Number of protein chains: 2
Amino acid sequence: MNIIDTLNWRYSTKDFDPTKKISEDNVKQLKALLRMSPSSTNIQPWHFLIAGDKEGKERIAKGAQGFFHFNEPKILNASHVVVFCSRTSADEDYMLHLLDKEEKDGRFPNDEVKQNTHGGRNLFADIHKYDVKDFQHWLEKQVYLNIGNFLLGAATLGIDALPMEGVDLKALDGEFGLREKGYTSVAVVAVGYRTDSDFNTTDRTPKSRLSEAEIFTLL
Amino acid sequence: MNIIDTLNWRYSTKDFDPTKKISEDNVKQLKALLRMSPSSTNIQPWHFLIAGDKEGKERIAKGAQGFFHFNEPKILNASHVVVFCSRTSADEDYMLHLLDKEEKDGRFPNDEVKQNTHGGRNLFADIHKYDVKDFQHWLEKQVYLNIGNFLLGAATLGIDALPMEGVDLKALDGEFGLREKGYTSVAVVAVGYRTDSDFNTTDRTPKSRLSEAEIFTLL
């Protein structure tokens, strides 16, 4: 399948088949997508809660009560559900922890490269902390980049996905004690396999996008 | 190539071969990635400037002067360069325009579905406009999701990419009159092909990521 076919095949699945489970091998590949995603300066400001059984999904579904009840069956019927979380800080300890991991992974041929990496990451972080003053949003933008990577990657594997912002993030933070751990939930993505009757499949409901003429300026 | 191989193959290319151009067919696929990306409620709050020749790249390189000069050669040597822009508003006219396009594309079997789509999109937008009060960041998060989709898609096509936040976004907005058109630049992604001597290839400099134990909580 080429990339255009993949893009046309994927859609926000509204109706997961509760009897279909993602294989262990595919779960491994989905985890690789989450872990290997790029991020600005490799800051990796994320954490992921992953549910693959009834109990885990029921805990995540606590974020889909009341106003967001329409998302509850999607969470419960999916094979697996991922809660994408952002870090709420990236202090010097965390920056040094990243640097240490990069050193152990063999990224630094010499101390100059190491110090430049540390300085560059702090420089970008400081722009957002002190100049633009949007540090939390900058961290969360990296998480959204990860979501985009994850959604296309899942489609490449033939796995359906439904990204959901329509969840009670505060309830999820509470249920999993995320804030105490330095994280906050940003979005939920359910993954699994569509039913034959899902109204939103591209066979029934064509995709819609703005025209090339509207979104592209060719210089 | 499976997805794990693709994830390991991709890296932020630091040294593009200026003699290698992306084929017309691959440019078409890259444009499909940009256009078909998912976004919350299909709001598609984006615009893309695409340069494929010297003159276009030189205009984008005006965003890589002075402080950000280290990114100038990457822009000039890449095959193509994309400036990712966010909309700066999504007023009722724009919301109705999206709805009209979706209707023409055949997404609405009846008026109820159409009105629910319109209401749902406005509901999410209003949460960010009035409750969370982070509307611009919410729009830009969708653009970051598009970037994540684009980076993995490019890698799937065997195309190298370098995402750059280190550019003078205000200068780019001015050069291309973006603000007057209702857009603002968010990031730049250069695409092309790595040189054999690029220090950052995974052969020379291994990738580094935080451990699974640190980033995953399995429920």
# chains A, B, ... in the order shown; residues from 1 in each chain; ligands from 1

call {"tool": "interface_residues", "arguments": {"of": "chain A", "to": "chain B", "cutoff": "7 Å", "atoms": "only C-alpha atoms", "output": "PyMOL selection string"}}
result
chain A and resi 3-4+7+29+32+35-36+46-51+56+101-102+105-107+137+141+144-149+152+205-206+208-210+215-219

call {"tool": "select_by_dssp", "arguments": {"residues": "range 2-217 of chain A", "states": "strand (DSSP E or B)", "output": "number ranges by chain"}}
result
A: 12, 16, 46-51, 80-87, 160-164, 183-192, 194, 216-217

call {"tool": "write_last_selection", "arguments": {"atoms": "N, CA and C atoms", "output": "short mmCIF file (atom, residue, chain, number, x, y, z; two decimals), in the first residue's frame"}}
result
data_model
loop_
_atom_site.label_atom_id
_atom_site.label_comp_id
_atom_site.auth_asym_id
_atom_site.auth_seq_id
_atom_site.Cartn_x
_atom_site.Cartn_y
_atom_site.Cartn_z
N SER A 12 -11.04 8.44 11.34
CA SER A 12 -11.30 8.37 12.78
C SER A 12 -12.41 7.35 13.03
N PHE A 16 -15.45 0.50 17.12
CA PHE A 16 -14.45 -0.57 17.18
C PHE A 16 -15.12 -1.92 17.40
N TRP A 46 7.21 13.53 27.35
CA TRP A 46 5.97 12.75 27.33
C TRP A 46 5.98 11.53 28.22
N HIS A 47 4.78 11.02 28.46
CA HIS A 47 4.57 9.76 29.13
C HIS A 47 3.28 9.17 28.57
N PHE A 48 3.19 7.85 28.54
CA PHE A 48 2.03 7.20 27.92
C PHE A 48 1.45 6.16 28.86
N LEU A 49 0.15 6.27 29.10
CA LEU A 49 -0.56 5.20 29.80
C LEU A 49 -1.16 4.30 28.72
N ILE A 50 -0.94 3.01 28.84
CA ILE A 50 -1.43 2.08 27.82
C ILE A 50 -2.31 1.02 28.47
N ALA A 51 -3.56 0.95 28.00
CA ALA A 51 -4.47 -0.07 28.51
C ALA A 51 -4.75 -1.09 27.43
N HIS A 80 -6.83 -1.46 22.33
CA HIS A 80 -5.92 -0.80 23.27
C HIS A 80 -6.21 0.70 23.28
N VAL A 81 -5.89 1.33 24.38
CA VAL A 81 -6.11 2.77 24.49
C VAL A 81 -4.84 3.40 25.08
N VAL A 82 -4.44 4.50 24.47
CA VAL A 82 -3.23 5.21 24.92
C VAL A 82 -3.62 6.60 25.41
N VAL A 83 -3.23 6.94 26.62
CA VAL A 83 -3.38 8.31 27.11
C VAL A 83 -2.05 9.01 26.90
N PHE A 84 -2.07 10.03 26.05
CA PHE A 84 -0.87 10.81 25.79
C PHE A 84 -0.75 11.89 26.86
N CYS A 85 0.38 11.89 27.57
CA CYS A 85 0.61 12.87 28.63
C CYS A 85 1.83 13.73 28.30
N SER A 86 1.76 14.95 28.76
CA SER A 86 2.90 15.86 28.63
C SER A 86 3.58 16.02 29.99
N ARG A 87 4.87 16.23 29.98
CA ARG A 87 5.54 16.66 31.21
C ARG A 87 5.02 18.05 31.58
N ASP A 160 -6.73 0.63 13.01
CA ASP A 160 -7.60 1.81 13.10
C ASP A 160 -7.32 2.57 14.39
N ALA A 161 -7.53 3.87 14.32
CA ALA A 161 -7.27 4.71 15.49
C ALA A 161 -8.32 5.80 15.58
N LEU A 162 -8.59 6.20 16.80
CA LEU A 162 -9.49 7.33 17.04
C LEU A 162 -8.84 8.26 18.05
N PRO A 163 -8.37 9.43 17.57
CA PRO A 163 -7.84 10.41 18.53
C PRO A 163 -8.99 11.16 19.18
N MET A 164 -8.91 11.35 20.48
CA MET A 164 -9.99 12.02 21.23
C MET A 164 -9.45 13.14 22.10
N TYR A 183 3.24 14.95 35.28
CA TYR A 183 2.63 14.84 33.96
C TYR A 183 1.21 15.39 33.98
N THR A 184 0.69 15.69 32.79
CA THR A 184 -0.72 16.01 32.65
C THR A 184 -1.21 15.42 31.33
N SER A 185 -2.43 14.90 31.34
CA SER A 185 -2.94 14.25 30.13
C SER A 185 -3.31 15.29 29.08
N VAL A 186 -3.12 14.93 27.83
CA VAL A 186 -3.30 15.87 26.72
C VAL A 186 -4.38 15.37 25.74
N ALA A 187 -4.39 14.09 25.49
CA ALA A 187 -5.37 13.51 24.56
C ALA A 187 -5.34 11.99 24.73
N VAL A 188 -6.37 11.35 24.20
CA VAL A 188 -6.47 9.88 24.27
C VAL A 188 -6.60 9.35 22.85
N VAL A 189 -5.89 8.28 22.55
CA VAL A 189 -6.05 7.64 21.23
C VAL A 189 -6.42 6.17 21.45
N ALA A 190 -7.59 5.79 20.92
CA ALA A 190 -8.01 4.38 20.97
C ALA A 190 -7.57 3.72 19.67
N VAL A 191 -7.10 2.48 19.77
CA VAL A 191 -6.67 1.75 18.58
C VAL A 191 -7.29 0.36 18.57
N GLY A 192 -7.55 -0.14 17.38
CA GLY A 192 -8.16 -1.45 17.23
C GLY A 192 -8.57 -1.65 15.79
N ARG A 194 -11.98 -1.52 13.00
CA ARG A 194 -13.32 -1.04 12.69
C ARG A 194 -14.31 -2.19 12.54
N PHE A 216 -2.08 25.38 -0.23
CA PHE A 216 -0.68 25.45 -0.67
C PHE A 216 -0.37 26.77 -1.37
N THR A 217 0.77 27.34 -1.03
CA THR A 217 1.37 28.40 -1.83
C THR A 217 2.68 27.86 -2.34
#

call {"tool": "atom_distance", "arguments": {"atom1": "CA of Asn71 in chain B", "atom2": "CA of Ser197 in chain B"}}
result
17.5 Å

call {"tool": "select_by_dssp", "arguments": {"residues": "chain B", "states": "alpha helix (DSSP H)", "output": "PyMOL selection string"}}
result
chain B and resi 3-9+24-36+54-60+72-77+92-104+111-126+135-156+169-175+212-215

call {"tool": "atom_distance", "arguments": {"atom1": "CA of Met95 in chain A", "atom2": "CA of Gly182 in chain A"}}
result
14.4 Å

call {"tool": "atom_distance", "arguments": {"atom1": "CA of Lys129 in chain A", "atom2": "CA of Arg179 in chain B"}}
result
24.2 Å

call {"tool": "decode", "arguments": {"residues": "range 91-104 of chain A", "atoms": "all heavy atoms", "output": "tab-separated table (two decimals), in the first residue's frame"}}
result
chain	number	residue	atom	x	y	z
A	91	ASP	N	13.12	20.73	34.06
A	91	ASP	CA	14.12	21.48	34.82
A	91	ASP	C	15.53	20.95	34.52
A	91	ASP	O	15.71	20.02	33.73
A	91	ASP	CB	13.80	21.42	36.32
A	91	ASP	CG	13.79	19.99	36.84
A	91	ASP	OD1	14.27	19.06	36.15
A	91	ASP	OD2	13.28	19.79	37.96
A	92	GLU	N	16.52	21.55	35.16
A	92	GLU	CA	17.91	21.19	34.87
A	92	GLU	C	18.18	19.70	35.14
A	92	GLU	O	18.91	19.06	34.40
A	92	GLU	CB	18.86	22.09	35.67
A	92	GLU	CG	20.33	21.90	35.37
A	92	GLU	CD	20.78	22.33	33.96
A	92	GLU	OE1	19.96	22.87	33.18
A	92	GLU	OE2	21.96	22.08	33.61
A	93	ASP	N	17.57	19.16	36.18
A	93	ASP	CA	17.74	17.72	36.46
A	93	ASP	C	17.27	16.88	35.27
A	93	ASP	O	17.93	15.90	34.89
A	93	ASP	CB	16.92	17.30	37.70
A	93	ASP	CG	17.66	17.66	38.98
A	93	ASP	OD1	18.82	18.10	38.90
A	93	ASP	OD2	17.05	17.50	40.06
A	94	TYR	N	16.12	17.25	34.72
A	94	TYR	CA	15.60	16.48	33.58
A	94	TYR	C	16.51	16.66	32.36
A	94	TYR	O	16.80	15.69	31.65
A	94	TYR	CB	14.17	16.92	33.25
A	94	TYR	CG	13.60	16.18	32.05
A	94	TYR	CD1	13.36	14.80	32.11
A	94	TYR	CD2	13.34	16.84	30.85
A	94	TYR	CE1	12.87	14.11	31.01
A	94	TYR	CE2	12.84	16.15	29.75
A	94	TYR	CZ	12.61	14.79	29.83
A	94	TYR	OH	12.13	14.10	28.74
A	95	MET	N	16.96	17.89	32.14
A	95	MET	CA	17.84	18.16	31.00
A	95	MET	C	19.13	17.34	31.12
A	95	MET	O	19.64	16.81	30.13
A	95	MET	CB	18.16	19.65	30.92
A	95	MET	CG	16.94	20.53	30.63
A	95	MET	SD	16.06	20.10	29.10
A	95	MET	CE	15.29	21.69	28.71
A	96	LEU	N	19.66	17.24	32.34
A	96	LEU	CA	20.89	16.46	32.55
A	96	LEU	C	20.61	14.97	32.41
A	96	LEU	O	21.48	14.21	31.95
A	96	LEU	CB	21.48	16.78	33.92
A	96	LEU	CG	22.11	18.18	34.03
A	96	LEU	CD1	22.45	18.51	35.48
A	96	LEU	CD2	23.35	18.30	33.14
A	97	HIS	N	19.42	14.56	32.78
A	97	HIS	CA	19.03	13.15	32.62
A	97	HIS	C	18.98	12.78	31.14
A	97	HIS	O	19.48	11.72	30.73
A	97	HIS	CB	17.66	12.95	33.29
A	97	HIS	CG	17.03	11.63	33.04
A	97	HIS	ND1	17.63	10.44	33.39
A	97	HIS	CD2	15.85	11.29	32.44
A	97	HIS	CE1	16.84	9.43	33.03
A	97	HIS	NE2	15.77	9.92	32.44
A	98	LEU	N	18.39	13.66	30.32
A	98	LEU	CA	18.37	13.41	28.87
A	98	LEU	C	19.79	13.32	28.32
A	98	LEU	O	20.12	12.44	27.52
A	98	LEU	CB	17.66	14.56	28.14
A	98	LEU	CG	16.13	14.64	28.25
A	98	LEU	CD1	15.64	15.97	27.64
A	98	LEU	CD2	15.47	13.47	27.53
A	99	LEU	N	20.62	14.26	28.77
A	99	LEU	CA	22.01	14.30	28.28
A	99	LEU	C	22.77	13.03	28.66
A	99	LEU	O	23.52	12.47	27.86
A	99	LEU	CB	22.70	15.53	28.90
A	99	LEU	CG	23.99	16.00	28.25
A	99	LEU	CD1	23.70	16.62	26.87
A	99	LEU	CD2	24.70	17.03	29.14
A	100	ASP	N	22.52	12.58	29.87
A	100	ASP	CA	23.17	11.35	30.34
A	100	ASP	C	22.73	10.15	29.50
A	100	ASP	O	23.55	9.30	29.12
A	100	ASP	CB	22.79	11.14	31.81
A	100	ASP	CG	23.46	9.93	32.41
A	100	ASP	OD1	24.70	9.89	32.39
A	100	ASP	OD2	22.75	9.02	32.89
A	101	LYS	N	21.42	10.10	29.20
A	101	LYS	CA	20.92	8.99	28.38
A	101	LYS	C	21.53	9.05	26.97
A	101	LYS	O	21.93	8.02	26.41
A	101	LYS	CB	19.38	9.07	28.30
A	101	LYS	CG	18.73	7.91	27.53
A	101	LYS	CD	18.84	6.59	28.30
A	101	LYS	CE	17.92	5.50	27.77
A	101	LYS	NZ	18.37	4.94	26.50
A	102	GLU	N	21.62	10.24	26.43
A	102	GLU	CA	22.21	10.39	25.09
A	102	GLU	C	23.69	9.99	25.10
A	102	GLU	O	24.18	9.37	24.15
A	102	GLU	CB	22.05	11.84	24.60
A	102	GLU	CG	20.61	12.17	24.23
A	102	GLU	CD	20.34	13.65	24.00
A	102	GLU	OE1	21.10	14.51	24.53
A	102	GLU	OE2	19.36	13.98	23.33
A	103	GLU	N	24.37	10.32	26.18
A	103	GLU	CA	25.78	9.93	26.27
A	103	GLU	C	25.91	8.42	26.33
A	103	GLU	O	26.72	7.82	25.62
A	103	GLU	CB	26.41	10.56	27.52
A	103	GLU	CG	27.90	10.22	27.66
A	103	GLU	CD	28.63	11.22	28.54
A	103	GLU	OE1	28.10	11.58	29.62
A	103	GLU	OE2	29.72	11.66	28.14
A	104	LYS	N	25.07	7.78	27.16
A	104	LYS	CA	25.11	6.31	27.27
A	104	LYS	C	24.76	5.65	25.95
A	104	LYS	O	25.24	4.56	25.64
A	104	LYS	CB	24.16	5.84	28.37
A	104	LYS	CG	24.72	6.10	29.76
A	104	LYS	CD	23.78	5.62	30.86
A	104	LYS	CE	24.41	5.85	32.23
A	104	LYS	NZ	23.42	6.28	33.24
